There are 2 protein chains.
Amino acid sequence: MKRNVLIIGAGGVAQVVAHKCAQNNDVLGDLHIASRTKSKCDAILETVREKGAMKVDGIFEAHALDALDVAATAALIREKDVQIVINVGTAFVNMSVLDACIETGAAYIDTAIHEEPDKICETPPWYANYEWKKRDLCAEKGVTAILGAGFDPGVVNAFARYAIDTYMDEVKSIDIVDINAGSHGKYFATNFDPEINFREFTGVVYYWEDQQWKETTMFASGRDWDLPVVGTQRAYQSGHDEVHSLAANYPHADVRFWMGFGEHYINVFTVLKNIGLLSEQPVTTAEGQEVIPLKVVKACLPDPSSLAPDYTGKTCIGDLVKGTKDGQDVEVFVYNVADHKEAYEEVGSQGISYTAGVPPVAAAMLIAKGDWDAKTMKNVEEMDPKPFFTILDQIGLPTRVEFNGEDKAWNA
Amino acid sequence: MKRNVLIIGAGGVAQVVAHKCAQNNDVLGDLHIASRTKSKCDAILETVREKGAMKVDGIFEAHALDALDVAATAALIREKDVQIVINVGTAFVNMSVLDACIETGAAYIDTAIHEEPDKICETPPWYANYEWKKRDLCAEKGVTAILGAGFDPGVVNAFARYAIDTYMDEVKSIDIVDINAGSHGKYFATNFDPEINFREFTGVVYYWEDQQWKETTMFASGRDWDLPVVGTQRAYQSGHDEVHSLAANYPHADVRFWMGFGEHYINVFTVLKNIGLLSEQPVTTAEGQEVIPLKVVKACLPDPSSLAPDYTGKTCIGDLVKGTKDGQDVEVFVYNVADHKEAYEEVGSQGISYTAGVPPVAAAMLIAKGDWDAKTMKNVEEMDPKPFFTILDQIGLPTRVEFNGEDKAWNA
């Protein structure tokens, strides 16, 4: 049984991960959190203490760590006898943290694909550019690495697997729909680090159709979705990690990702993009200062974690999966609805961070218990979804299913 | 007779000034152009040579100069025996260049009010915060200083004076309307230095009504104007230099300035402003770099001088002046229409730079000839407008008048 967890990162998602680990420290053992800026870790631990989140007495320590430094990360893992690493730092550190896990034998969990700071939107499938290159090494060394175990990617991959296994003989299409019907009350803000958030939308939008990669651009392909709780919402085809693993694992299905955007968001995004302010390439000011515009936009926008106290409304994220069963067409919508205010009251974060931060803790618990201790590298749809849903039901993200006009808990 | 001109600045307006000075160097004598970056001056002189703009053989030299350095500016004035300085550099250097003129006795001409880099939209009347504090000193030393001698401020001040002197006993209101009905074909661009351009719109909009300063905000007060040549155009009350001198010289009149904006401009401006990207206050990036957002926006936007080759369409700038004559209400519209393409063909600049750059050369010619050699500090409405219009007619900006349903040349 693996225990003792190191959380990498100290943003809004890390805060949720910290609280959820604390609430389940009977399963997870000693807890550690590390980031470049230790004070941000200390602030998270302070909220853990305020909420009395630790289930049983135990260790929860903060550390300063440059997660790009493989040796330093490995040393911390060894020193604290860490057996599970939950990486929710910036997407730029995935490969160095993974290397430290491979070196030490610790299990690795992340919630988003690796990115290089100077590259946007590489060729698909994205995982093949970085993570999957280490798959054989993980298998050889018996290292468990669960890739993309947030909500999307993560829970939505499990939704797809579950829908296919349970409701159909053959899958024809997987459409993942991510709607945030909440309101933060600011003129404009991103729900994640703006630098990562905007990078999702500035490149080519890849999707998988007719057994091949196809391309579109952001906001070019929009569709209204009629969804449980949040009602009719417009969403646009976007590039997203899970399309790249689901297309590899279900190559005969069409795989698309749809993200909800209001007109205001699209307008602001369009203005910033067209002017060049979302560029990660440096510009030189008249005074000769070299600056990356996107970093300045980030500095001007609200810190995503500051949105939580006033965030209201709900998110709805789910998979519409279509296929055939006994020769008949079938479709099923597997989904979760989360509430911003409830998330804030429980862990001090908004709903977007909550949906991203709870699942990797569920994955860590499954590794700790042995269910998901794969001893190799896996994407979430390659793991049994049922124990995952069972823990998510218990720790705050229940799974529901719409099928044949009926809406019910997945295990009802 | 004053002669020998030093042009300060090397932007789009300076290019027009250089060409117009060259075309009239029989009146203006030796010509010099100075800027921090000498290569920009050299590039302007190259276009002067290409167009064969020099009317008679003569000197036109480029110099490197930090115009904030009063001693260096005075030294250059003395060394080259300059008697007229046309300051079309950034608005931040007005006071240092003026000081150099007062020190050396050279006549001073500018086209915009002084600004301090760290202040936006100071209390009205703006001239009283800087320039007018030197009025007594100019009078005492017999130094001619013509303030705000571009188009607006500048020609529009003369329009007001002319309308009042010619058509009425008493003035009731002066509404200055500035419409650029041209198109540069870019997603977004400013026609002047974005840093100065946006600063005009980010502060309080001051206007003079009922013999007092009143305040509004940018884009809060809009009105459709039916204008010659350019047709019906929407313009918004904006803060502008000339309101501040006209209100002092015609305190019984209401004085307002209206600038034309399309919906697209307003949308982009609103997004940038609301996010904080038009701020001149530094922000700190996640990496610890201190950056002024407005300077980054400027670096991302097209260089205004790069717009000229593809600019098409016309500008219309004029004054609607209302008052009474022999007890009857009268109104008159005094205006000019300029063409972007014609401006580019003549001097290699777009129409906005053309309208701003031609008038200070007319003012310099009037100082050289003695008509406007005031031996003290004056705003343009304090000078006789007729010789000004006469030169402007000859050098590219003819004045027209709409009165009693008739549209005619001012002197027809």
# chains A, B, ... in the order shown; residues from 1 in each chain; ligands from 1
>>> interface_residues(of="chain A", to="chain B", cutoff="12 Å", atoms="only C-alpha atoms", output="short mmCIF file (atom, residue, chain, number, x, y, z; two decimals) with all heavy atoms, in the first residue's frame")
data_model
loop_
_atom_site.label_atom_id
_atom_site.label_comp_id
_atom_site.auth_asym_id
_atom_site.auth_seq_id
_atom_site.Cartn_x
_atom_site.Cartn_y
_atom_site.Cartn_z
N ARG A 36 7.71 26.79 -5.82
CA ARG A 36 8.83 27.75 -5.84
C ARG A 36 8.73 28.73 -4.68
O ARG A 36 9.71 29.11 -4.08
CB ARG A 36 8.80 28.55 -7.16
CG ARG A 36 9.66 28.00 -8.26
CD ARG A 36 9.71 28.95 -9.43
NE ARG A 36 8.37 29.40 -9.79
CZ ARG A 36 8.07 30.14 -10.86
NH1 ARG A 36 9.04 30.51 -11.68
NH2 ARG A 36 6.83 30.50 -11.12
N THR A 37 7.50 29.17 -4.42
CA THR A 37 7.27 30.17 -3.39
C THR A 37 6.65 29.49 -2.17
O THR A 37 5.46 29.20 -2.15
CB THR A 37 6.30 31.25 -3.93
OG1 THR A 37 6.75 31.65 -5.22
CG2 THR A 37 6.25 32.46 -3.01
N LYS A 186 -16.48 39.72 -11.99
CA LYS A 186 -15.42 40.63 -12.47
C LYS A 186 -15.69 40.98 -13.93
O LYS A 186 -16.39 40.25 -14.64
CB LYS A 186 -14.04 39.95 -12.40
CG LYS A 186 -13.69 39.38 -11.06
CD LYS A 186 -13.16 40.44 -10.14
CE LYS A 186 -12.70 39.82 -8.83
NZ LYS A 186 -12.51 40.80 -7.78
N TYR A 187 -15.05 42.05 -14.40
CA TYR A 187 -15.17 42.40 -15.82
C TYR A 187 -14.68 41.24 -16.68
O TYR A 187 -15.33 40.85 -17.65
CB TYR A 187 -14.36 43.66 -16.14
CG TYR A 187 -14.33 43.96 -17.62
CD1 TYR A 187 -15.45 44.50 -18.26
CD2 TYR A 187 -13.21 43.68 -18.40
CE1 TYR A 187 -15.46 44.75 -19.62
CE2 TYR A 187 -13.21 43.94 -19.76
CZ TYR A 187 -14.33 44.47 -20.37
OH TYR A 187 -14.32 44.72 -21.71
N PHE A 188 -13.52 40.71 -16.32
CA PHE A 188 -12.98 39.56 -17.06
C PHE A 188 -11.99 38.84 -16.17
O PHE A 188 -11.21 39.47 -15.45
CB PHE A 188 -12.27 40.03 -18.35
CG PHE A 188 -11.82 38.88 -19.21
CD1 PHE A 188 -12.72 38.24 -20.04
CD2 PHE A 188 -10.51 38.43 -19.16
CE1 PHE A 188 -12.31 37.18 -20.83
CE2 PHE A 188 -10.10 37.36 -19.95
CZ PHE A 188 -11.01 36.74 -20.79
N ALA A 189 -12.02 37.54 -16.21
CA ALA A 189 -11.04 36.75 -15.47
C ALA A 189 -11.00 35.37 -16.08
O ALA A 189 -11.96 34.94 -16.72
CB ALA A 189 -11.44 36.65 -13.99
N THR A 190 -9.87 34.71 -15.92
CA THR A 190 -9.80 33.31 -16.31
C THR A 190 -9.89 32.47 -15.04
O THR A 190 -9.52 32.94 -13.97
CB THR A 190 -8.47 33.01 -17.04
OG1 THR A 190 -7.39 33.38 -16.18
CG2 THR A 190 -8.38 33.79 -18.33
N ASP A 193 -4.79 29.75 -14.28
CA ASP A 193 -3.66 30.57 -14.69
C ASP A 193 -3.90 31.08 -16.12
O ASP A 193 -3.98 30.29 -17.06
CB ASP A 193 -2.40 29.70 -14.64
CG ASP A 193 -1.14 30.46 -15.03
OD1 ASP A 193 -1.27 31.59 -15.53
OD2 ASP A 193 -0.05 29.90 -14.85
N PRO A 194 -4.00 32.39 -16.31
CA PRO A 194 -4.30 32.92 -17.65
C PRO A 194 -3.29 32.45 -18.70
O PRO A 194 -3.65 32.24 -19.86
CB PRO A 194 -4.21 34.44 -17.48
CG PRO A 194 -4.29 34.70 -16.03
CD PRO A 194 -3.84 33.45 -15.31
N GLU A 195 -2.05 32.28 -18.25
CA GLU A 195 -1.01 31.90 -19.21
C GLU A 195 -1.33 30.53 -19.82
O GLU A 195 -1.17 30.32 -21.02
CB GLU A 195 0.33 31.84 -18.47
CG GLU A 195 1.49 32.16 -19.35
CD GLU A 195 2.77 32.22 -18.53
OE1 GLU A 195 2.70 32.53 -17.33
OE2 GLU A 195 3.83 31.94 -19.10
N HIS A 264 -19.18 37.74 -24.15
CA HIS A 264 -18.24 38.69 -23.56
C HIS A 264 -16.83 38.09 -23.51
O HIS A 264 -15.85 38.75 -23.87
CB HIS A 264 -18.70 39.07 -22.16
CG HIS A 264 -17.74 39.95 -21.43
ND1 HIS A 264 -17.41 41.21 -21.86
CD2 HIS A 264 -17.00 39.75 -20.31
CE1 HIS A 264 -16.52 41.74 -21.03
NE2 HIS A 264 -16.26 40.87 -20.09
N TYR A 265 -16.74 36.84 -23.08
CA TYR A 265 -15.43 36.19 -23.04
C TYR A 265 -14.80 36.16 -24.43
O TYR A 265 -13.64 36.49 -24.62
CB TYR A 265 -15.55 34.77 -22.48
CG TYR A 265 -14.22 34.09 -22.30
CD1 TYR A 265 -13.64 33.99 -21.04
CD2 TYR A 265 -13.51 33.58 -23.39
CE1 TYR A 265 -12.40 33.40 -20.87
CE2 TYR A 265 -12.27 32.99 -23.23
CZ TYR A 265 -11.72 32.90 -21.97
OH TYR A 265 -10.49 32.33 -21.81
N ILE A 266 -15.61 35.77 -25.40
CA ILE A 266 -15.09 35.64 -26.76
C ILE A 266 -14.63 37.00 -27.28
O ILE A 266 -13.59 37.12 -27.93
CB ILE A 266 -16.16 35.03 -27.69
CG1 ILE A 266 -16.45 33.59 -27.24
CG2 ILE A 266 -15.72 35.07 -29.15
CD1 ILE A 266 -17.62 32.94 -27.94
N ASN A 267 -15.39 38.03 -26.98
CA ASN A 267 -15.01 39.37 -27.43
C ASN A 267 -13.67 39.80 -26.83
O ASN A 267 -12.77 40.25 -27.55
CB ASN A 267 -16.11 40.37 -27.04
CG ASN A 267 -15.75 41.79 -27.45
OD1 ASN A 267 -15.29 42.03 -28.55
ND2 ASN A 267 -15.93 42.74 -26.53
N VAL A 268 -13.52 39.63 -25.52
CA VAL A 268 -12.28 40.04 -24.86
C VAL A 268 -11.11 39.21 -25.41
O VAL A 268 -10.06 39.75 -25.76
CB VAL A 268 -12.39 39.88 -23.33
CG1 VAL A 268 -11.03 40.07 -22.67
CG2 VAL A 268 -13.41 40.87 -22.78
N PHE A 269 -11.32 37.91 -25.49
CA PHE A 269 -10.28 37.04 -26.01
C PHE A 269 -9.87 37.46 -27.43
O PHE A 269 -8.69 37.54 -27.76
CB PHE A 269 -10.80 35.59 -26.01
CG PHE A 269 -9.86 34.62 -26.66
CD1 PHE A 269 -8.83 34.06 -25.92
CD2 PHE A 269 -10.00 34.28 -27.99
CE1 PHE A 269 -7.95 33.17 -26.53
CE2 PHE A 269 -9.13 33.40 -28.59
CZ PHE A 269 -8.10 32.84 -27.86
N THR A 270 -10.87 37.75 -28.27
CA THR A 270 -10.61 38.11 -29.66
C THR A 270 -9.81 39.41 -29.76
O THR A 270 -8.86 39.51 -30.54
CB THR A 270 -11.94 38.23 -30.43
OG1 THR A 270 -12.65 37.00 -30.30
CG2 THR A 270 -11.70 38.52 -31.90
N VAL A 271 -10.19 40.38 -28.95
CA VAL A 271 -9.45 41.65 -28.96
C VAL A 271 -8.00 41.42 -28.55
O VAL A 271 -7.06 41.85 -29.23
CB VAL A 271 -10.13 42.68 -28.02
CG1 VAL A 271 -9.20 43.85 -27.76
CG2 VAL A 271 -11.45 43.16 -28.61
N LEU A 272 -7.81 40.73 -27.43
CA LEU A 272 -6.45 40.53 -26.92
C LEU A 272 -5.61 39.72 -27.92
O LEU A 272 -4.45 40.05 -28.18
CB LEU A 272 -6.49 39.80 -25.57
CG LEU A 272 -7.17 40.55 -24.43
CD1 LEU A 272 -7.18 39.68 -23.17
CD2 LEU A 272 -6.48 41.88 -24.14
N LYS A 273 -6.22 38.71 -28.50
CA LYS A 273 -5.48 37.86 -29.43
C LYS A 273 -5.11 38.63 -30.69
O LYS A 273 -3.97 38.58 -31.15
CB LYS A 273 -6.33 36.64 -29.79
CG LYS A 273 -5.69 35.73 -30.83
CD LYS A 273 -6.36 34.37 -30.83
CE LYS A 273 -5.72 33.42 -31.81
NZ LYS A 273 -6.16 33.68 -33.20
N ASN A 274 -6.08 39.36 -31.24
CA ASN A 274 -5.82 40.06 -32.51
C ASN A 274 -4.78 41.15 -32.35
O ASN A 274 -4.05 41.46 -33.30
CB ASN A 274 -7.12 40.64 -33.07
CG ASN A 274 -7.97 39.57 -33.73
OD1 ASN A 274 -7.51 38.47 -33.98
ND2 ASN A 274 -9.21 39.89 -34.01
N ILE A 275 -4.72 41.75 -31.17
CA ILE A 275 -3.71 42.79 -30.97
C ILE A 275 -2.34 42.17 -30.74
O ILE A 275 -1.32 42.84 -30.93
CB ILE A 275 -4.14 43.70 -29.81
CG1 ILE A 275 -5.31 44.57 -30.27
CG2 ILE A 275 -3.00 44.58 -29.32
CD1 ILE A 275 -5.81 45.53 -29.25
N GLY A 276 -2.31 40.91 -30.38
CA GLY A 276 -1.02 40.26 -30.13
C GLY A 276 -0.69 40.16 -28.66
O GLY A 276 0.42 39.77 -28.29
N LEU A 277 -1.65 40.50 -27.81
CA LEU A 277 -1.37 40.52 -26.37
C LEU A 277 -1.39 39.14 -25.74
O LEU A 277 -1.01 38.99 -24.57
CB LEU A 277 -2.36 41.45 -25.66
CG LEU A 277 -2.07 42.94 -25.89
CD1 LEU A 277 -3.28 43.79 -25.58
CD2 LEU A 277 -0.88 43.38 -25.04
N LEU A 278 -1.81 38.13 -26.47
CA LEU A 278 -1.77 36.77 -25.93
C LEU A 278 -0.54 36.01 -26.41
O LEU A 278 -0.41 34.82 -26.18
CB LEU A 278 -3.05 36.01 -26.31
CG LEU A 278 -4.35 36.64 -25.82
CD1 LEU A 278 -5.53 35.73 -26.11
CD2 LEU A 278 -4.28 36.97 -24.34
N SER A 279 0.37 36.73 -27.04
CA SER A 279 1.56 36.08 -27.59
C SER A 279 2.55 35.72 -26.49
O SER A 279 2.74 36.48 -25.54
CB SER A 279 2.23 37.00 -28.60
OG SER A 279 3.46 36.44 -28.99
N GLN A 281 5.59 35.21 -27.43
CA GLN A 281 6.84 35.68 -28.03
C GLN A 281 7.11 37.10 -27.55
O GLN A 281 6.22 37.94 -27.57
CB GLN A 281 6.75 35.67 -29.55
CG GLN A 281 6.47 34.29 -30.16
CD GLN A 281 7.55 33.28 -29.82
OE1 GLN A 281 8.73 33.63 -29.76
NE2 GLN A 281 7.16 32.04 -29.56
N PRO A 282 8.34 37.38 -27.11
CA PRO A 282 8.61 38.70 -26.55
C PRO A 282 8.48 39.84 -27.57
O PRO A 282 8.74 39.65 -28.76
CB PRO A 282 10.06 38.61 -26.05
CG PRO A 282 10.63 37.39 -26.68
CD PRO A 282 9.51 36.49 -27.05
N VAL A 283 8.04 40.98 -27.08
CA VAL A 283 8.08 42.22 -27.87
C VAL A 283 9.03 43.17 -27.15
O VAL A 283 9.34 42.99 -25.98
CB VAL A 283 6.68 42.87 -28.00
CG1 VAL A 283 5.73 41.97 -28.76
CG2 VAL A 283 6.11 43.24 -26.63
N THR A 284 9.48 44.18 -27.86
CA THR A 284 10.39 45.16 -27.26
C THR A 284 9.69 46.51 -27.19
O THR A 284 9.19 47.00 -28.20
CB THR A 284 11.68 45.27 -28.10
OG1 THR A 284 12.25 43.97 -28.22
CG2 THR A 284 12.69 46.19 -27.43
N THR A 285 9.63 47.08 -26.00
CA THR A 285 8.97 48.38 -25.86
C THR A 285 9.87 49.48 -26.45
O THR A 285 11.05 49.25 -26.73
CB THR A 285 8.70 48.73 -24.39
OG1 THR A 285 9.96 48.97 -23.75
CG2 THR A 285 7.97 47.60 -23.68
N ALA A 286 9.28 50.67 -26.61
CA ALA A 286 10.04 51.81 -27.14
C ALA A 286 11.25 52.10 -26.26
O ALA A 286 12.25 52.64 -26.73
CB ALA A 286 9.14 53.03 -27.23
N GLU A 287 11.17 51.72 -24.99
CA GLU A 287 12.28 51.97 -24.05
C GLU A 287 13.31 50.84 -24.09
O GLU A 287 14.28 50.86 -23.33
CB GLU A 287 11.73 52.12 -22.63
CG GLU A 287 10.89 53.38 -22.40
CD GLU A 287 9.51 53.29 -23.07
OE1 GLU A 287 9.03 52.15 -23.30
OE2 GLU A 287 8.94 54.35 -23.37
N GLY A 288 13.07 49.82 -24.93
CA GLY A 288 14.05 48.74 -25.08
C GLY A 288 13.86 47.58 -24.13
O GLY A 288 14.69 46.67 -24.09
N GLN A 289 12.75 47.58 -23.38
CA GLN A 289 12.50 46.46 -22.45
C GLN A 289 11.88 45.29 -23.22
O GLN A 289 10.94 45.49 -23.99
CB GLN A 289 11.55 46.93 -21.34
CG GLN A 289 11.44 45.95 -20.19
CD GLN A 289 10.43 46.40 -19.13
OE1 GLN A 289 9.57 47.24 -19.39
NE2 GLN A 289 10.53 45.85 -17.94
N GLU A 290 12.41 44.09 -22.99
CA GLU A 290 11.85 42.91 -23.64
C GLU A 290 10.79 42.29 -22.73
O GLU A 290 11.05 42.00 -21.56
CB GLU A 290 12.96 41.90 -23.94
CG GLU A 290 12.80 41.32 -25.33
CD GLU A 290 13.85 40.29 -25.66
OE1 GLU A 290 14.00 39.32 -24.90
OE2 GLU A 290 14.50 40.45 -26.72
N VAL A 291 9.61 42.11 -23.27
CA VAL A 291 8.47 41.68 -22.45
C VAL A 291 7.66 40.66 -23.23
O VAL A 291 7.46 40.80 -24.44
CB VAL A 291 7.55 42.88 -22.14
CG1 VAL A 291 6.48 42.48 -21.13
CG2 VAL A 291 8.33 44.07 -21.63
N ILE A 292 7.14 39.66 -22.52
CA ILE A 292 6.20 38.71 -23.13
C ILE A 292 4.79 39.21 -22.84
O ILE A 292 4.36 39.26 -21.69
CB ILE A 292 6.43 37.29 -22.58
CG1 ILE A 292 7.81 36.80 -23.04
CG2 ILE A 292 5.33 36.35 -23.04
CD1 ILE A 292 8.23 35.49 -22.45
N PRO A 293 4.05 39.61 -23.90
CA PRO A 293 2.74 40.24 -23.67
C PRO A 293 1.81 39.40 -22.79
O PRO A 293 1.15 39.95 -21.90
CB PRO A 293 2.18 40.39 -25.10
CG PRO A 293 3.38 40.48 -25.97
CD PRO A 293 4.42 39.60 -25.33
N LEU A 294 1.76 38.10 -23.03
CA LEU A 294 0.85 37.24 -22.26
C LEU A 294 1.11 37.34 -20.76
O LEU A 294 0.18 37.29 -19.95
CB LEU A 294 0.99 35.79 -22.75
CG LEU A 294 0.13 34.73 -22.08
CD1 LEU A 294 -1.34 35.09 -22.08
CD2 LEU A 294 0.34 33.38 -22.76
N LYS A 295 2.37 37.51 -20.39
CA LYS A 295 2.69 37.60 -18.95
C LYS A 295 2.20 38.93 -18.36
O LYS A 295 1.91 39.01 -17.16
CB LYS A 295 4.20 37.43 -18.74
CG LYS A 295 4.66 36.00 -19.04
CD LYS A 295 6.14 35.80 -18.76
CE LYS A 295 6.58 34.39 -19.15
NZ LYS A 295 6.02 33.33 -18.29
N VAL A 296 2.13 39.95 -19.20
CA VAL A 296 1.62 41.24 -18.74
C VAL A 296 0.09 41.17 -18.59
O VAL A 296 -0.48 41.67 -17.63
CB VAL A 296 2.03 42.37 -19.70
CG1 VAL A 296 1.50 43.71 -19.23
CG2 VAL A 296 3.54 42.40 -19.83
N VAL A 297 -0.55 40.53 -19.56
CA VAL A 297 -2.01 40.33 -19.45
C VAL A 297 -2.31 39.57 -18.17
O VAL A 297 -3.20 39.94 -17.40
CB VAL A 297 -2.55 39.57 -20.68
CG1 VAL A 297 -4.00 39.17 -20.47
CG2 VAL A 297 -2.42 40.45 -21.93
N LYS A 298 -1.52 38.52 -17.92
CA LYS A 298 -1.71 37.73 -16.69
C LYS A 298 -1.57 38.61 -15.45
O LYS A 298 -2.35 38.50 -14.50
CB LYS A 298 -0.68 36.59 -16.66
CG LYS A 298 -0.66 35.78 -15.37
CD LYS A 298 0.33 34.62 -15.47
CE LYS A 298 0.56 33.95 -14.14
NZ LYS A 298 1.43 32.77 -14.25
N ALA A 299 -0.57 39.49 -15.46
CA ALA A 299 -0.35 40.36 -14.30
C ALA A 299 -1.50 41.35 -14.10
O ALA A 299 -1.76 41.79 -12.99
CB ALA A 299 0.98 41.11 -14.46
N CYS A 300 -2.19 41.70 -15.19
CA CYS A 300 -3.30 42.65 -15.10
C CYS A 300 -4.61 41.97 -14.67
O CYS A 300 -5.48 42.64 -14.11
CB CYS A 300 -3.52 43.36 -16.43
SG CYS A 300 -2.24 44.56 -16.83
N LEU A 301 -4.75 40.70 -14.98
CA LEU A 301 -6.02 40.02 -14.70
C LEU A 301 -6.09 39.60 -13.23
O LEU A 301 -5.06 39.44 -12.57
CB LEU A 301 -6.16 38.78 -15.60
CG LEU A 301 -6.38 39.07 -17.08
CD1 LEU A 301 -6.45 37.76 -17.86
CD2 LEU A 301 -7.65 39.88 -17.31
N PRO A 302 -7.31 39.40 -12.73
CA PRO A 302 -7.44 38.92 -11.35
C PRO A 302 -6.77 37.56 -11.19
O PRO A 302 -6.83 36.72 -12.09
CB PRO A 302 -8.96 38.78 -11.16
CG PRO A 302 -9.58 39.59 -12.24
CD PRO A 302 -8.62 39.61 -13.38
N ASP A 303 -6.13 37.36 -10.05
CA ASP A 303 -5.62 36.04 -9.69
C ASP A 303 -6.81 35.08 -9.61
O ASP A 303 -7.76 35.33 -8.88
CB ASP A 303 -4.92 36.15 -8.33
CG ASP A 303 -4.33 34.82 -7.87
OD1 ASP A 303 -4.75 33.77 -8.40
OD2 ASP A 303 -3.47 34.85 -6.98
#
>>> residues_around(residues="Met168 of chain B", least_positions_apart="3", cutoff="12 Å", atoms="only C-alpha atoms", output="list in words")
Ala160, Arg161, Tyr162, Ala163, Ile164, Asp165, Val171, Lys172, Ser173, Val321, Lys322, Gly323, Thr324, Lys325, Asp326, Gly327, Gln328, Asp329, Val330, Glu331, Val332 and Phe403 of chain B
>>> select_by_dssp(residues="segment 365-400 of chain A", states="alpha helix (DSSP H)", output="VMD selection string")
chain A and resid 365 to 369 385 to 395
>>> atom_distance(atom1="atom CA of Lys55 of chain B", atom2="atom CA of Val17 of chain B")
14.2 Å
>>> atom_distance(atom1="atom CA of Glu215 of chain B", atom2="atom CA of Thr90 of chain B")
26.2 Å
>>> atom_distance(atom1="atom CA of Val347 of chain A", atom2="atom CA of Ala18 of chain A")
8.9 Å
>>> residues_around(residues="Lys314 of chain A", least_positions_apart="5", cutoff="6 Å", atoms="only C-alpha atoms", output="ChimeraX atom specification")
/A:181-182,338-340
>>> residues_around(residues="segment 361-369 of chain B", least_positions_apart="5", cutoff="8 Å", atoms="only C-alpha atoms", output="ChimeraX atom specification")
/B:1-3,17,20-21,27-28,84,86,107,109,146,149,374,387-388,391-392,395
>>> residues_around(residues="Val230 of chain A", least_positions_apart="3", cutoff="10 Å", atoms="only C-alpha atoms", output="number ranges by chain")
A: 179-182, 225-227, 233, 313-316, 337
>>> select_by_dssp(residues="segment 88-335 of chain B", states="strand (DSSP E)", output="PyMOL selection string")
chain B and resi 107-110+145-147+170-180+205-209+212-216+222-227+231-237+254-260+283-284+290-291+314-325+328-335
